[in-house]
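Read through the structure below, which is laid out as structure tokens, and then see the notes.
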Amino acid sequence: MSTVILVTNDNEIKNTFKQNLVLLRGEDKLISVSYENAMEVIYEICPEVVIVHEHDKNAKTLELINYLNNKAIYKNTSVILLVNKYDNSFVLSAYDAGIDDFLVIGGDASEILIRTINGIKKSEIYSKNEEQVKILEQYGIVDSKSKFYSSKFDKEILETVLSYNNKSVYSYMIITPDDESKKRFSNENLIIAINKSVRSSDIIFGANGSRYSLLLKTNAEGAIRIFEKIKSEISSDYKLKAGITIVETKQAEDIKKRCTCALNNALLSDVDYVVYAKDEPLNDNWLDIPDSSNEQSYKFLKKVFSKKIENVIAPVFYRLQKAYEEKFPGSKIEQYTDIEQSVFRIVKDNNESRITMRYPAYTKLVIYISHSGLDTPENREIILTLNELTQKRIDEIVEDFLNEYMSMHNA
């Protein structure tokens with residue numbers, strides 16, 4: 001059974017509405033109340049739909065709509081404004097106050113019936129959604145405060161959503177405060193800003209450290225506008241950074257890697273956001289490696305390796321250190337380079353996991369990966385040519401190393 005409450009001080013309106021709603025289900029109820037006792041009756045019944053007929057004073061109408069919109073107990077109630085005559089300014093003010101729809105007196109009876117039924121359907125959808133969210137909260141899939149999905153289930157949720165939305169265009173975005181803002185940033189304010197800026201069809205994950213991930217039903221330009229809207233909702237004293245990628249695969253790990261790469265570039269370059277480009281240049285055009293094994297070529301290649309350390313390896317190591325520091329509580333992440341090698345390591349207690357990159361001979365670069373004091377796969381080596389040593393390839397190797405470390409410590 002659904003209940004519709006009509007708030008009006010006009011007796012003629014009460015009779016008109018009873019006639020227009022005769023096709024509602026037999027068990028549905030229409031109750032008419034005046035403005036004077038509206039709040040009391042609405043509170044007692046908590047109806048599916050409230051139809052608010054405009055008062056002689058528009059301020060009274062907006063006051064009642066605001067009341068309904070701001071009370072948590074009415075969050076599943078649809079509010080419809082009924083006006084004597086259409087006034088664009090007043091209707092827009094009513095939407096700002098929280099109405100779901102509006103009707104004009106003298107309109108077709110079928111329109112009144114349809115919009116009222118749609119109000120009932122909206123209320124039922126709201127209630128059903130709330131029930132499902134509560135179930136997900138019990139299993140830790142949805143956070144009870146923010147109502148965002150837990151980042152622990154991002155892979156499963158991403159791949160499930162993408163599997164049944166084949167024709168939709170999606171972008172994926174990760175946002176976080178910059179290093180300086182993290183020291184004084186309020187997660188609560190960011191949650192509010194995100195909720196004000198996204199739509200119900202968007203999927204939000206948070207928080208993974210200070211990072212929030214958003215699967216947005218829009219293209220990259222739309223994602224940028226959403227990011228700008230989120231920024232506008234928080235204090236200008238705080239700086240947000242974002243990585244954005246168009247979703248071109250259903251593999252969650254690939255999507256997250258691309259977006260993380262874009263975010264790290266934004267943090268490293270100190271720009272607000274970076275959109276991941278599938279064919280982005282690897283900044284290796286300056287490199288022309290000779291195909292020779294003589295001593296002169298070897299000296300040249302040593303210089304090339306030094307250049308690679310400076311332009312390729314060091315930036316990747318730095319941004320991944322910053323990106324993962326807060327994900328490994330109790331662990332210390334360090335990275336350093338010199339003219340002979342580059343090292344990225346994680347130290348926890350007496351255990352150490354390390355990546356060491358060295359250039360022992362000619363065009364071959366050797367990457368040593370080792371884990372000490374842990375039950376791990378065998379230590380291994382990866383051999384690359386200098387031409388294969390790109391930011392993208394180093395990103396992949398270090399991210400795999402970090403995920404391996406995480407899985408070993410969470411096992």
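Following the order of the structure tokens, chains are lettered A, B, ..., residues in each are numbered from 1, and ligands are numbered from 1.
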Inset, instruction - Please identify which residues in stretch 144-264 of chain A DSSP calls alpha helix (DSSP H) from the backbone, and express them as a PyMOL selection string. - result: chain A and resi 154-163+179-182+187-197+220-232+252-264
Determine, counting only C-alpha atoms, which protein, DNA and RNA residues have an atom within 8 Å of an atom of A:Asn9; residues of the same chain fewer than 6 positions away are not included. Present the result as a PDB file with C-alpha atoms, in the first residue's frame.
ATOM      1  CA  VAL A  33      -4.183  18.063   4.880  1.00  0.00           C
ATOM      2  CA  SER A  34      -3.856  21.800   5.382  1.00  0.00           C
ATOM      3  CA  TYR A  35      -0.584  23.660   5.813  1.00  0.00           C
ATOM      4  CA  HIS A  55       0.467  28.574  -0.629  1.00  0.00           C
TER       5      HIS A  55
END
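Nearest residue to A:Leu214 among A:Glu248, A:Asp178, A:Glu233, A:Asp154 is A:Asp154, counting only C-alpha atoms.
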Legend entry - Near-A:Val49 list (10 Å; only C-alpha atoms; drop same-chain fewer than 5 positions) as an NGL selection string: :A and (2-6 or 30 or 42 or 74 or 76-80 or 100 or 116-123)
Inset, instruction - Just the strand (DSSP E) stuff from stretch 316-395 of chain A, please, per backbone DSSP, written as JSON, numbers by chain. - result: {"A": [332, 333, 334, 335, 336, 337, 341, 342, 343, 344, 345, 346, 347, 348, 351, 352, 353, 354, 355, 356, 357, 358, 359, 360, 361, 364, 365, 366, 367, 368, 369, 370, 371, 372, 380, 381, 382, 383, 384, 385]}
Inset, instruction - Mind checking which residues fall within 12 Å of A:Thr160, counting only C-alpha atoms, ignoring those fewer than 4 positions away in the same chain, and posting them as a PyMOL selection string? - result: chain A and resi 153-156+164-166+203+250-252
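Closest approach to A:Asn187 among A:Ile157, A:Ile394, A:Ala207, A:Met173 is made by A:Ala207 (distances from only C-alpha atoms).
Distances from A:Asn70, A:Gln138, A:Ser213, A:Asn15 to A:Lys256 were compared using only C-alpha atoms, and the smallest one belongs to A:Ser213.
When atom CA of A:Lys348 is paired with atom CA of A:His409, their separation reads 10.1 Å.
Comparing the minimum interatomic distances between A:Ile255 and each of A:Val198, A:Ile313, A:Glu221, A:Ile174, counting only C-alpha atoms, we find that A:Ile174 sits nearest.
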